[in-house]
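Text of target-v9.pdb (PDB, C-alpha atoms) as supplied:
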ATOM      1  CA  MET A 262       0.000   0.000   0.000
ATOM      2  CA  THR A 263       1.207   3.482  -0.857
ATOM      3  CA  GLN A 264       2.782   5.275   2.092
ATOM      4  CA  SER A 265       3.522   8.923   2.697
ATOM      5  CA  MET A 266       6.721   9.960   4.438
ATOM      6  CA  THR A 267       4.967  12.489   6.673
ATOM      7  CA  GLY A 268       3.257  11.554   9.919
ATOM      8  CA  PHE A 269       3.140  11.775  13.700
ATOM      9  CA  ALA A 270       2.590   9.040  16.280
ATOM     10  CA  GLN A 271       2.897   8.261  19.973
ATOM     11  CA  GLY A 272       3.383   5.040  21.893
ATOM     12  CA  GLU A 273       3.184   4.330  25.610
ATOM     13  CA  ALA A 274       3.907   1.426  27.922
ATOM     14  CA  GLU A 275       3.707   1.078  31.678
ATOM     15  CA  ALA A 276       6.874   0.160  33.549
ATOM     16  CA  HIS A 277       7.751  -0.370  37.189
ATOM     17  CA  GLY A 278       7.649   3.068  38.771
ATOM     18  CA  GLY A 279       6.532   5.053  35.731
ATOM     19  CA  THR A 280       5.420   5.348  32.109
ATOM     20  CA  ILE A 281       7.485   5.180  28.913
ATOM     21  CA  ARG A 282       6.278   7.528  26.153
ATOM     22  CA  TRP A 283       7.559   7.852  22.601
ATOM     23  CA  GLU A 284       6.843  10.659  20.132
ATOM     24  CA  LEU A 285       7.694  10.111  16.456
ATOM     25  CA  ARG A 286       7.661  12.800  13.760
ATOM     26  CA  SER A 287       8.359  11.993  10.124
ATOM     27  CA  VAL A 288       8.863  14.149   7.027
ATOM     28  CA  ASN A 289      10.050  13.408   3.499
ATOM     29  CA  HIS A 290      13.694  12.579   2.846
ATOM     30  CA  ARG A 291      15.770  10.853   0.170
ATOM     31  CA  TYR A 292      16.476   7.896   2.452
ATOM     32  CA  LEU A 293      15.756   6.748   6.019
ATOM     33  CA  ASP A 294      17.303   9.253   8.435
ATOM     34  CA  LEU A 295      16.665   8.476  12.115
ATOM     35  CA  SER A 296      17.342  10.938  14.916
ATOM     36  CA  PHE A 297      16.903   9.905  18.570
ATOM     37  CA  ARG A 298      16.555  11.946  21.748
ATOM     38  CA  LEU A 299      17.009   9.542  24.647
ATOM     39  CA  PRO A 300      17.548   9.800  28.414
ATOM     40  CA  ASP A 301      21.038   8.737  29.431
ATOM     41  CA  ASP A 302      19.924   5.370  30.795
ATOM     42  CA  PHE A 303      18.472   4.419  27.383
ATOM     43  CA  ARG A 304      21.297   5.450  25.068
ATOM     44  CA  ALA A 305      22.696   1.934  24.978
ATOM     45  CA  LEU A 306      19.487   0.812  23.210
ATOM     46  CA  GLU A 307      19.744   3.229  20.266
ATOM     47  CA  GLY A 308      21.109   0.564  17.927
ATOM     48  CA  ASN A 309      18.222  -1.717  18.808
ATOM     49  CA  PHE A 310      15.719   1.078  18.168
ATOM     50  CA  ARG A 311      17.270   1.763  14.763
ATOM     51  CA  GLN A 312      16.893  -1.866  13.746
ATOM     52  CA  ARG A 313      13.266  -1.897  14.844
ATOM     53  CA  ALA A 314      12.507   1.281  12.876
ATOM     54  CA  GLY A 315      14.043  -0.234   9.724
ATOM     55  CA  LYS A 316      11.458  -3.038   9.829
ATOM     56  CA  TYR A 317       8.607  -0.534   9.558
ATOM     57  CA  LEU A 318      10.039   2.316   7.473
ATOM     58  CA  SER A 319      12.232   2.583   4.390
ATOM     59  CA  ARG A 320      12.410   6.336   3.732
ATOM     60  CA  GLY A 321      11.814   9.588   5.594
ATOM     61  CA  LYS A 322      13.479  11.825   8.157
ATOM     62  CA  VAL A 323      12.213  10.568  11.520
ATOM     63  CA  GLU A 324      12.709  12.308  14.854
ATOM     64  CA  ALA A 325      12.106   9.987  17.817
ATOM     65  CA  GLN A 326      11.927  11.252  21.392
ATOM     66  CA  LEU A 327      11.674   9.021  24.458
ATOM     67  CA  ARG A 328      10.353  10.291  27.784
ATOM     68  CA  TYR A 329      10.289   8.448  31.104
ATOM     69  CA  LEU A 330       7.517   9.744  33.359
ATOM     70  CA  ALA A 331       8.256   8.501  36.856
ATOM     71  CA  ASP A 332       5.472   7.932  39.370
ATOM     72  CA  ALA A 333       5.518   9.929  42.584
ATOM     73  CA  SER A 334       6.470   6.771  44.464
ATOM     74  CA  ALA A 335       9.261   5.900  42.057
ATOM     75  CA  GLY A 336      12.822   6.463  43.119
ATOM     76  CA  ALA A 337      11.826   6.993  46.737
ATOM     77  CA  ILE A 338      14.454   8.719  48.855
ATOM     78  CA  GLU A 339      15.762   6.674  51.769
ATOM     79  CA  VAL A 340      18.239   7.609  54.486
ATOM     80  CA  ASP A 341      21.100   5.182  55.071
ATOM     81  CA  PRO A 342      20.987   4.728  58.887
ATOM     82  CA  GLU A 343      24.521   3.340  59.047
ATOM     83  CA  ARG A 344      25.922   6.279  57.065
ATOM     84  CA  LEU A 345      23.929   8.717  59.222
ATOM     85  CA  LYS A 346      25.324   7.062  62.375
ATOM     86  CA  GLN A 347      28.861   7.464  61.009
ATOM     87  CA  LEU A 348      28.222  11.139  60.304
ATOM     88  CA  LYS A 349      26.843  11.725  63.834
ATOM     89  CA  HIS A 350      29.858   9.981  65.328
ATOM     90  CA  ALA A 351      32.131  12.292  63.321
ATOM     91  CA  ILE A 352      30.201  15.367  64.549
ATOM     92  CA  ASP A 353      30.380  14.172  68.163
ATOM     93  CA  SER A 354      34.119  13.595  67.848
ATOM     94  CA  THR A 355      34.537  17.099  66.450
ATOM     95  CA  GLU A 356      32.575  18.590  69.354
ATOM     96  CA  ARG A 357      34.752  16.775  71.906
ATOM     97  CA  ALA A 358      37.849  18.120  70.220
ATOM     98  CA  TRP A 359      36.645  21.667  69.479
ATOM     99  CA  GLY A 360      33.844  22.273  71.875
ATOM    100  CA  SER A 361      30.161  22.765  71.281
ATOM    101  CA  LEU A 362      29.083  23.242  67.643
ATOM    102  CA  GLU A 363      25.904  24.635  66.140
ATOM    103  CA  THR A 364      23.216  22.096  65.402
ATOM    104  CA  PRO A 365      23.744  20.917  61.820
ATOM    105  CA  ASP A 366      21.213  22.010  59.199
ATOM    106  CA  PRO A 367      19.153  18.911  58.243
ATOM    107  CA  MET A 368      19.497  19.748  54.523
ATOM    108  CA  ASP A 369      23.261  19.885  54.891
ATOM    109  CA  VAL A 370      23.136  16.478  56.553
ATOM    110  CA  LEU A 371      21.067  15.042  53.690
ATOM    111  CA  ARG A 372      23.479  16.470  51.120
ATOM    112  CA  PHE A 373      26.418  14.680  52.747
ATOM    113  CA  PRO A 374      27.626  11.895  50.398
ATOM    114  CA  GLY A 375      26.053   8.521  51.151
ATOM    115  CA  VAL A 376      23.412   9.720  53.629
ATOM    116  CA  VAL A 377      20.607   9.719  51.063
ATOM    117  CA  ARG A 378      20.130   6.450  49.239
ATOM    118  CA  GLU A 379      17.888   6.831  46.178
ATOM    119  CA  GLN A 380      16.281   3.672  44.860
ATOM    120  CA  LYS A 381      16.894   3.085  41.150
ATOM    121  CA  PRO A 382      14.140   1.579  38.995
ATOM    122  CA  ASP A 383      14.662  -1.818  37.405
ATOM    123  CA  LEU A 384      16.355  -0.959  34.096
ATOM    124  CA  THR A 385      15.494  -4.339  32.568
ATOM    125  CA  GLN A 386      11.788  -3.621  32.948
ATOM    126  CA  LEU A 387      12.260  -0.092  31.654
ATOM    127  CA  PHE A 388      14.102  -1.327  28.575
ATOM    128  CA  GLU A 389      11.372  -3.858  27.809
ATOM    129  CA  ALA A 390       8.712  -1.188  28.220
ATOM    130  CA  ALA A 391      10.664   1.181  25.955
ATOM    131  CA  GLU A 392      10.843  -1.460  23.203
ATOM    132  CA  THR A 393       7.133  -2.247  23.532
ATOM    133  CA  ALA A 394       6.170   1.435  23.398
ATOM    134  CA  PHE A 395       8.492   2.031  20.440
ATOM    135  CA  ASP A 396       6.896  -0.796  18.444
ATOM    136  CA  ARG A 397       3.451   0.648  19.176
ATOM    137  CA  ALA A 398       4.565   4.096  18.044
ATOM    138  CA  LEU A 399       6.094   2.669  14.862
ATOM    139  CA  GLN A 400       2.899   0.781  14.047
ATOM    140  CA  ASP A 401       0.830   3.925  14.575
ATOM    141  CA  LEU A 402       3.259   5.956  12.479
ATOM    142  CA  ARG A 403       3.094   3.439   9.658
ATOM    143  CA  GLU A 404      -0.707   3.516   9.739
ATOM    144  CA  ALA A 405      -0.700   7.321   9.712
ATOM    145  CA  ARG A 406       1.676   7.315   6.760
ATOM    146  CA  ARG A 407      -0.495   4.772   4.968
ATOM    147  CA  ARG A 408      -3.606   6.895   5.398
ATOM    148  CA  GLU A 409      -1.790   9.945   4.091
ATOM    149  CA  GLY A 410      -0.254   7.845   1.315
ATOM    150  CA  GLN A 411      -3.682   6.610   0.225
ATOM    151  CA  HIS A 412      -4.899  10.192   0.031
ATOM    152  CA  LEU A 413      -1.868  11.138  -2.084
ATOM    153  CA  ALA A 414      -2.403   8.102  -4.327
ATOM    154  CA  ASP A 415      -6.036   9.100  -4.946
ATOM    155  CA  THR A 416      -4.889  12.612  -5.820
ATOM    156  CA  LEU A 417      -2.288  11.231  -8.245
ATOM    157  CA  ARG A 418      -4.911   9.038  -9.926
ATOM    158  CA  GLU A 419      -7.115  12.084 -10.430
ATOM    159  CA  ARG A 420      -4.159  13.958 -11.919
ATOM    160  CA  CYS A 421      -3.462  10.987 -14.207
ATOM    161  CA  ASN A 422      -7.045  11.181 -15.469
ATOM    162  CA  ALA A 423      -6.668  14.913 -16.114
ATOM    163  CA  LEU A 424      -3.393  14.312 -17.957
ATOM    164  CA  ALA A 425      -4.946  11.539 -20.050
ATOM    165  CA  GLU A 426      -7.765  13.922 -21.024
ATOM    166  CA  GLN A 427      -5.229  16.419 -22.339
ATOM    167  CA  VAL A 428      -3.491  13.691 -24.351
ATOM    168  CA  GLU A 429      -6.810  12.596 -25.819
ATOM    169  CA  GLN A 430      -7.689  16.171 -26.753
ATOM    170  CA  VAL A 431      -4.436  16.502 -28.666
ATOM    171  CA  ARG A 432      -4.961  13.155 -30.379
ATOM    172  CA  THR A 433      -8.528  14.085 -31.362
ATOM    173  CA  CYS A 434      -7.646  17.392 -32.977
ATOM    174  CA  LEU A 435      -4.347  16.192 -34.465
ATOM    175  CA  PRO A 436      -5.699  15.284 -37.989
ATOM    176  CA  GLU A 437      -7.516  18.599 -38.239
ATOM    177  CA  VAL A 438      -4.456  20.549 -37.119
ATOM    178  CA  ARG A 439      -2.260  18.757 -39.654
ATOM    179  CA  GLU A 440      -4.637  19.498 -42.497
ATOM    180  CA  GLU A 441      -5.000  23.161 -41.494
ATOM    181  CA  TRP A 442      -1.262  23.570 -41.157
ATOM    182  CA  MET A 443      -0.505  22.007 -44.578
ATOM    183  CA  GLU A 444      -3.256  24.089 -46.212
ATOM    184  CA  ARG A 445      -1.641  27.245 -44.802
ATOM    185  CA  LEU A 446       1.651  26.256 -46.382
ATOM    186  CA  ARG A 447      -0.008  25.699 -49.765
ATOM    187  CA  THR A 448      -1.797  29.040 -49.496
ATOM    188  CA  ARG A 449       1.451  30.806 -48.629
ATOM    189  CA  CYS A 450       3.143  29.361 -51.696
ATOM    190  CA  ARG A 451       0.259  30.506 -53.911
ATOM    191  CA  ASP A 452       0.317  33.974 -52.366
ATOM    192  CA  LEU A 453       4.011  34.270 -53.206
ATOM    193  CA  GLY A 454       3.175  33.624 -56.861
ATOM    194  CA  VAL A 455       5.916  31.057 -57.179
ATOM    195  CA  GLU A 456       5.604  28.150 -59.543
ATOM    196  CA  VAL A 457       6.218  25.100 -57.419
ATOM    197  CA  ASP A 458       6.236  21.567 -58.677
ATOM    198  CA  ALA A 459       3.266  19.826 -57.087
ATOM    199  CA  GLY A 460       5.193  16.631 -56.375
ATOM    200  CA  ARG A 461       8.083  18.556 -54.879
ATOM    201  CA  LEU A 462       5.694  20.605 -52.733
ATOM    202  CA  GLU A 463       3.994  17.496 -51.409
ATOM    203  CA  GLN A 464       7.387  15.964 -50.639
ATOM    204  CA  GLU A 465       8.494  19.020 -48.658
ATOM    205  CA  LEU A 466       5.173  19.192 -46.877
ATOM    206  CA  ALA A 467       5.551  15.553 -45.872
ATOM    207  CA  LEU A 468       9.066  16.165 -44.522
ATOM    208  CA  VAL A 469       7.975  19.174 -42.493
ATOM    209  CA  ALA A 470       4.926  17.296 -41.219
ATOM    210  CA  GLN A 471       7.164  14.433 -40.155
ATOM    211  CA  ARG A 472       9.359  16.780 -38.132
ATOM    212  CA  ALA A 473       6.255  18.180 -36.431
ATOM    213  CA  ASP A 474       4.636  14.788 -35.875
ATOM    214  CA  VAL A 475       3.732  14.118 -32.213
ATOM    215  CA  ASP A 476       2.314  10.599 -32.489
ATOM    216  CA  GLU A 477       5.313   9.112 -30.677
ATOM    217  CA  GLU A 478       4.985  11.615 -27.850
ATOM    218  CA  MET A 479       1.303  10.709 -27.493
ATOM    219  CA  VAL A 480       2.123   6.998 -27.340
ATOM    220  CA  ARG A 481       4.858   7.537 -24.739
ATOM    221  CA  LEU A 482       2.632   9.797 -22.651
ATOM    222  CA  ASP A 483      -0.052   7.092 -22.660
ATOM    223  CA  GLY A 484       2.548   4.522 -21.633
ATOM    224  CA  HIS A 485       3.906   6.619 -18.784
ATOM    225  CA  ILE A 486       0.411   7.389 -17.472
ATOM    226  CA  HIS A 487      -0.415   3.672 -17.535
ATOM    227  CA  GLU A 488       2.815   2.906 -15.652
ATOM    228  CA  VAL A 489       2.065   5.532 -12.980
ATOM    229  CA  ARG A 490      -1.321   3.937 -12.374
ATOM    230  CA  ALA A 491       0.255   0.474 -12.167
ATOM    231  CA  VAL A 492       2.965   1.625  -9.744
ATOM    232  CA  LEU A 493       0.345   3.142  -7.444
ATOM    233  CA  GLU A 494      -1.094  -0.355  -6.952
ATOM    234  CA  ARG A 495       2.184  -1.830  -5.696
ATOM    235  CA  ASP A 496       2.598  -2.691  -2.030
ATOM    236  CA  GLU A 497       6.146  -1.354  -1.696
ATOM    237  CA  ALA A 498       8.132   1.869  -1.600
ATOM    238  CA  ILE A 499       7.320   3.592  -4.898
ATOM    239  CA  GLY A 500       8.445   7.197  -4.434
ATOM    240  CA  ARG A 501      11.684   6.956  -6.416
ATOM    241  CA  ARG A 502      10.055   5.100  -9.309
ATOM    242  CA  LEU A 503       7.273   7.668  -9.526
ATOM    243  CA  ASP A 504       9.797  10.494  -9.369
ATOM    244  CA  PHE A 505      11.528   9.018 -12.438
ATOM    245  CA  LEU A 506       8.193   8.707 -14.249
ATOM    246  CA  MET A 507       7.451  12.374 -13.522
ATOM    247  CA  GLN A 508      10.708  13.277 -15.285
ATOM    248  CA  GLU A 509       9.724  11.175 -18.293
ATOM    249  CA  LEU A 510       6.257  12.712 -18.453
ATOM    250  CA  ASN A 511       7.701  16.198 -18.286
ATOM    251  CA  ARG A 512      10.186  15.385 -21.057
ATOM    252  CA  GLU A 513       7.391  14.291 -23.392
ATOM    253  CA  ALA A 514       5.305  17.365 -22.577
ATOM    254  CA  ASN A 515       8.302  19.594 -23.360
ATOM    255  CA  THR A 516       8.845  17.800 -26.679
ATOM    256  CA  LEU A 517       5.185  18.241 -27.549
ATOM    257  CA  SER A 518       5.475  21.937 -26.783
ATOM    258  CA  SER A 519       8.582  22.329 -28.952
ATOM    259  CA  LYS A 520       6.875  20.629 -31.904
ATOM    260  CA  SER A 521       3.678  22.595 -31.528
ATOM    261  CA  GLN A 522       2.382  24.165 -34.724
ATOM    262  CA  ASP A 523      -0.987  25.107 -33.310
ATOM    263  CA  GLN A 524      -2.224  27.111 -30.355
ATOM    264  CA  ARG A 525      -4.335  24.182 -29.196
ATOM    265  CA  PHE A 526      -1.227  22.013 -28.894
ATOM    266  CA  THR A 527       0.575  24.760 -27.019
ATOM    267  CA  ARG A 528      -2.232  25.170 -24.504
ATOM    268  CA  ALA A 529      -2.455  21.410 -24.032
ATOM    269  CA  ALA A 530       1.312  21.133 -23.487
ATOM    270  CA  VAL A 531       1.245  23.939 -20.920
ATOM    271  CA  GLU A 532      -1.669  22.308 -19.080
ATOM    272  CA  MET A 533       0.161  18.987 -19.113
ATOM    273  CA  LYS A 534       3.240  20.537 -17.534
ATOM    274  CA  VAL A 535       1.109  22.174 -14.842
ATOM    275  CA  ILE A 536      -0.521  18.826 -14.020
ATOM    276  CA  ILE A 537       2.819  16.994 -14.029
ATOM    277  CA  GLU A 538       4.332  19.567 -11.666
ATOM    278  CA  GLN A 539       1.376  19.114  -9.302
ATOM    279  CA  MET A 540       1.953  15.371  -9.414
ATOM    280  CA  ARG A 541       5.681  15.768  -8.841
ATOM    281  CA  GLU A 542       5.047  17.809  -5.678
ATOM    282  CA  GLN A 543       2.816  15.024  -4.329
ATOM    283  CA  VAL A 544       5.305  12.307  -5.283
ATOM    284  CA  GLN A 545       8.020  14.000  -3.209
ATOM    285  CA  ASN A 546       6.069  12.988  -0.078
ATOM    286  CA  LEU A 547       5.709   9.306  -0.984
ATOM    287  CA  GLU A 548       7.931   6.641   0.515
TER     288      GLU A 548
END
Could I get this file's structure written as structure tokens?
Amino acid sequence: MTQSMTGFAQGEAEAHGGTIRWELRSVNHRYLDLSFRLPDDFRALEGNFRQRAGKYLSRGKVEAQLRYLADASAGAIEVDPERLKQLKHAIDSTERAWGSLETPDPMDVLRFPGVVREQKPDLTQLFEAAETAFDRALQDLREARRREGQHLADTLRERCNALAEQVEQVRTCLPEVREEWMERLRTRCRDLGVEVDAGRLEQELALVAQRADVDEEMVRLDGHIHEVRAVLERDEAIGRRLDFLMQELNREANTLSSKSQDQRFTRAAVEMKVIIEQMREQVQNLE
């Protein structure tokens, strides 16, 4: 299914002492470019996260941010009674040596190294929760990109129909344009009052008509439009292939414009290039 490269998703998982939350933002890019913002405790898992992302995404610039939201009870502060006893003994010894001292500030006591013992959460559980939440976020991001991709694919199909209509208009009026153009050449020769051998004139007219012939361009335009429609049905990354087809479509429209001998052809060529440019802008967002 067609996927866009733009999207946003979140994923959460509960862990011991808190919640793991991922935020993923994706925009278009030539290849898969992953950028992670991780708390220090999770940096060792970045390689694992990159591998997981590669299973879901093939192109796009993705910014991934991990947040750990600790519960109020998580990381509870505890006082080490043995360390506190050692500190009191040191204060008492100082008083015996120097005399009475001011009562220590409780906050100063707590700041003394080793007095406060902060419980650390179980990193194994946190890592598992981070992987679970990341997979959920990636799945949501892929679904968001698929929805956007389907919308882009529908738009491209509509543009293909509009482009095919322009091709058919040119093909329909082509015989009439040829006849009008050749009649103008004959009239011009008569107006000049020049005796021209009829056979020679027809030969020259045929050569000029051949140089201005656009049948091949029409056939190639039809073929490229058909290929665009076929590519849109593929369940794979199609952005690069469609980008190449946009170049081919534009090349044929430019050739048609350069061969134009009639205002109708010129208008059709201009309209084709406008449609192709609209399609190209949409294709830039497809994976």
Please indicate the distance in Å from atom CA of A:Ile486 to atom CA of A:Glu404, rounded to one decimal place.
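Distance between the two atoms: 27.5 Å.
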Name the residues that the PyMOL selection byres ((chain A and resi 403) around 12) picks from the file above, as a ChimeraX atom specification, using the file's chain letters and numbers.
/A:262-271,285-287,314-321,323,396-402,404-410,548
Just the number, please: distance in Å from atom CA of A:Glu426 to atom CA of A:Val489, one decimal.
15.2 Å
If you measure from atom CA of A:Arg495 to atom CA of A:Glu429, what distance in Å do you get, rounded to one decimal?
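Separating atom CA of A:Arg495 from atom CA of A:Glu429 is a distance of 26.3 Å.
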Using only C-alpha atoms, pick whichever of A:Arg313, A:Lys322, A:Arg420, A:Arg304 has the shortest atom-to-atom distance to A:Ile537.
A:Arg420
Across A:Phe505, A:Gln427, A:Arg449, A:Thr433, the smallest distance to A:Leu482, with only C-alpha atoms counted, is shown by A:Gln427
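Across A:Arg490, A:Arg528, A:Arg344, A:Arg501, the tightest approach to A:Asn422 is made by A:Arg490 when counting only C-alpha atoms.
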Best match for closeness to A:Glu441 among A:Asp523, A:Gln539, A:Ala325, A:Leu413, counting only C-alpha atoms
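When distances to A:Glu441 are compared using only C-alpha atoms, the smallest one comes from A:Asp523.
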Residues within 12 Å of A:Ala274, only C-alpha atoms, excluding chain neighbours under 3 positions, as a ChimeraX atom specification
/A:271,277-283,327-330,386-398
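Evaluated against the shown file, the PyMOL selection byres ((chain A and resi 507) around 9) gives His485, Val489, Arg502, Leu503, Asp504, Phe505, Leu506, Gln508, Glu509, Leu510, Asn511, Arg512, Ile537, Glu538, Met540, Arg541 and Val544 of chain A.
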Since we have the selection now, will you write its residues out, keeping C-alpha atoms, as a PDB file, keeping the file's coordinate frame?
ATOM      1  CA  HIS A 485       3.906   6.619 -18.784  1.00  0.00           C
ATOM      2  CA  VAL A 489       2.065   5.532 -12.980  1.00  0.00           C
ATOM      3  CA  ARG A 502      10.055   5.100  -9.309  1.00  0.00           C
ATOM      4  CA  LEU A 503       7.273   7.668  -9.526  1.00  0.00           C
ATOM      5  CA  ASP A 504       9.797  10.494  -9.369  1.00  0.00           C
ATOM      6  CA  PHE A 505      11.528   9.018 -12.438  1.00  0.00           C
ATOM      7  CA  LEU A 506       8.193   8.707 -14.249  1.00  0.00           C
ATOM      8  CA  GLN A 508      10.708  13.277 -15.285  1.00  0.00           C
ATOM      9  CA  GLU A 509       9.724  11.175 -18.293  1.00  0.00           C
ATOM     10  CA  LEU A 510       6.257  12.712 -18.453  1.00  0.00           C
ATOM     11  CA  ASN A 511       7.701  16.198 -18.286  1.00  0.00           C
ATOM     12  CA  ARG A 512      10.186  15.385 -21.057  1.00  0.00           C
ATOM     13  CA  ILE A 537       2.819  16.994 -14.029  1.00  0.00           C
ATOM     14  CA  GLU A 538       4.332  19.567 -11.666  1.00  0.00           C
ATOM     15  CA  MET A 540       1.953  15.371  -9.414  1.00  0.00           C
ATOM     16  CA  ARG A 541       5.681  15.768  -8.841  1.00  0.00           C
ATOM     17  CA  VAL A 544       5.305  12.307  -5.283  1.00  0.00           C
TER      18      VAL A 544
END
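Take the candidates A:Gly484, A:Leu295, A:Arg525, A:Leu384 and check each one against A:Arg311 using all atoms listed in the file; the shortest distance goes to A:Leu295.
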Using all atoms listed in the file, determine which residues lie at most 12 Å from stretch 517-522 of chain A, disregarding the query and same-chain residues fewer than 4 positions distant; provide the list as JSON, numbers by chain.
{"A": [427, 428, 431, 432, 435, 437, 438, 439, 440, 441, 442, 443, 445, 446, 469, 470, 471, 472, 473, 474, 475, 476, 477, 478, 479, 480, 481, 482, 510, 511, 512, 513, 526, 527, 528, 529, 530, 531, 532, 533, 534]}
Take stretch 483-490 of chain A, model all heavy atoms, and hand the result over as a PDB file, in the frame of the given file.
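Okay, out.pdb is ready:
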ATOM      1  N   ASP A 483       0.907   8.128 -23.061  1.00  0.00           N
ATOM      2  CA  ASP A 483      -0.052   7.092 -22.660  1.00  0.00           C
ATOM      3  C   ASP A 483       0.635   5.994 -21.855  1.00  0.00           C
ATOM      4  O   ASP A 483       0.122   5.530 -20.824  1.00  0.00           O
ATOM      5  CB  ASP A 483      -0.720   6.480 -23.894  1.00  0.00           C
ATOM      6  CG  ASP A 483      -1.829   7.359 -24.451  1.00  0.00           C
ATOM      7  OD1 ASP A 483      -2.371   8.183 -23.698  1.00  0.00           O
ATOM      8  OD2 ASP A 483      -2.142   7.222 -25.648  1.00  0.00           O
ATOM      9  N   GLY A 484       1.823   5.579 -22.327  1.00  0.00           N
ATOM     10  CA  GLY A 484       2.548   4.522 -21.633  1.00  0.00           C
ATOM     11  C   GLY A 484       2.986   4.923 -20.240  1.00  0.00           C
ATOM     12  O   GLY A 484       2.868   4.137 -19.288  1.00  0.00           O
ATOM     13  N   HIS A 485       3.464   6.144 -20.097  1.00  0.00           N
ATOM     14  CA  HIS A 485       3.906   6.619 -18.784  1.00  0.00           C
ATOM     15  C   HIS A 485       2.722   6.761 -17.823  1.00  0.00           C
ATOM     16  O   HIS A 485       2.843   6.440 -16.626  1.00  0.00           O
ATOM     17  CB  HIS A 485       4.639   7.947 -18.914  1.00  0.00           C
ATOM     18  CG  HIS A 485       5.912   7.860 -19.687  1.00  0.00           C
ATOM     19  ND1 HIS A 485       6.691   6.735 -19.699  1.00  0.00           N
ATOM     20  CD2 HIS A 485       6.550   8.780 -20.473  1.00  0.00           C
ATOM     21  CE1 HIS A 485       7.760   6.942 -20.466  1.00  0.00           C
ATOM     22  NE2 HIS A 485       7.694   8.169 -20.934  1.00  0.00           N
ATOM     23  N   ILE A 486       1.606   7.255 -18.319  1.00  0.00           N
ATOM     24  CA  ILE A 486       0.411   7.389 -17.472  1.00  0.00           C
ATOM     25  C   ILE A 486      -0.045   6.012 -16.993  1.00  0.00           C
ATOM     26  O   ILE A 486      -0.383   5.821 -15.817  1.00  0.00           O
ATOM     27  CB  ILE A 486      -0.726   8.104 -18.238  1.00  0.00           C
ATOM     28  CG1 ILE A 486      -0.342   9.561 -18.518  1.00  0.00           C
ATOM     29  CG2 ILE A 486      -2.031   8.038 -17.446  1.00  0.00           C
ATOM     30  CD1 ILE A 486      -1.298  10.272 -19.453  1.00  0.00           C
ATOM     31  N   HIS A 487      -0.044   5.049 -17.905  1.00  0.00           N
ATOM     32  CA  HIS A 487      -0.415   3.672 -17.535  1.00  0.00           C
ATOM     33  C   HIS A 487       0.535   3.130 -16.475  1.00  0.00           C
ATOM     34  O   HIS A 487       0.096   2.470 -15.512  1.00  0.00           O
ATOM     35  CB  HIS A 487      -0.394   2.786 -18.778  1.00  0.00           C
ATOM     36  CG  HIS A 487      -0.649   1.334 -18.468  1.00  0.00           C
ATOM     37  ND1 HIS A 487      -1.902   0.837 -18.219  1.00  0.00           N
ATOM     38  CD2 HIS A 487       0.222   0.282 -18.357  1.00  0.00           C
ATOM     39  CE1 HIS A 487      -1.813  -0.461 -17.958  1.00  0.00           C
ATOM     40  NE2 HIS A 487      -0.545  -0.824 -18.039  1.00  0.00           N
ATOM     41  N   GLU A 488       1.832   3.406 -16.609  1.00  0.00           N
ATOM     42  CA  GLU A 488       2.815   2.906 -15.652  1.00  0.00           C
ATOM     43  C   GLU A 488       2.630   3.563 -14.283  1.00  0.00           C
ATOM     44  O   GLU A 488       2.768   2.902 -13.244  1.00  0.00           O
ATOM     45  CB  GLU A 488       4.226   3.158 -16.168  1.00  0.00           C
ATOM     46  CG  GLU A 488       5.344   2.632 -15.276  1.00  0.00           C
ATOM     47  CD  GLU A 488       5.324   1.126 -15.135  1.00  0.00           C
ATOM     48  OE1 GLU A 488       4.654   0.453 -15.941  1.00  0.00           O
ATOM     49  OE2 GLU A 488       5.980   0.617 -14.210  1.00  0.00           O
ATOM     50  N   VAL A 489       2.318   4.850 -14.257  1.00  0.00           N
ATOM     51  CA  VAL A 489       2.065   5.532 -12.980  1.00  0.00           C
ATOM     52  C   VAL A 489       0.904   4.860 -12.260  1.00  0.00           C
ATOM     53  O   VAL A 489       0.974   4.570 -11.053  1.00  0.00           O
ATOM     54  CB  VAL A 489       1.761   7.024 -13.196  1.00  0.00           C
ATOM     55  CG1 VAL A 489       1.254   7.663 -11.904  1.00  0.00           C
ATOM     56  CG2 VAL A 489       3.006   7.756 -13.676  1.00  0.00           C
ATOM     57  N   ARG A 490      -0.164   4.589 -12.991  1.00  0.00           N
ATOM     58  CA  ARG A 490      -1.321   3.937 -12.374  1.00  0.00           C
ATOM     59  C   ARG A 490      -0.958   2.550 -11.852  1.00  0.00           C
ATOM     60  O   ARG A 490      -1.406   2.145 -10.765  1.00  0.00           O
ATOM     61  CB  ARG A 490      -2.447   3.828 -13.396  1.00  0.00           C
ATOM     62  CG  ARG A 490      -3.117   5.172 -13.712  1.00  0.00           C
ATOM     63  CD  ARG A 490      -4.033   5.057 -14.906  1.00  0.00           C
ATOM     64  NE  ARG A 490      -4.849   6.254 -15.095  1.00  0.00           N
ATOM     65  CZ  ARG A 490      -5.405   6.592 -16.243  1.00  0.00           C
ATOM     66  NH1 ARG A 490      -5.224   5.824 -17.319  1.00  0.00           N
ATOM     67  NH2 ARG A 490      -6.131   7.694 -16.334  1.00  0.00           N
TER      68      ARG A 490
END
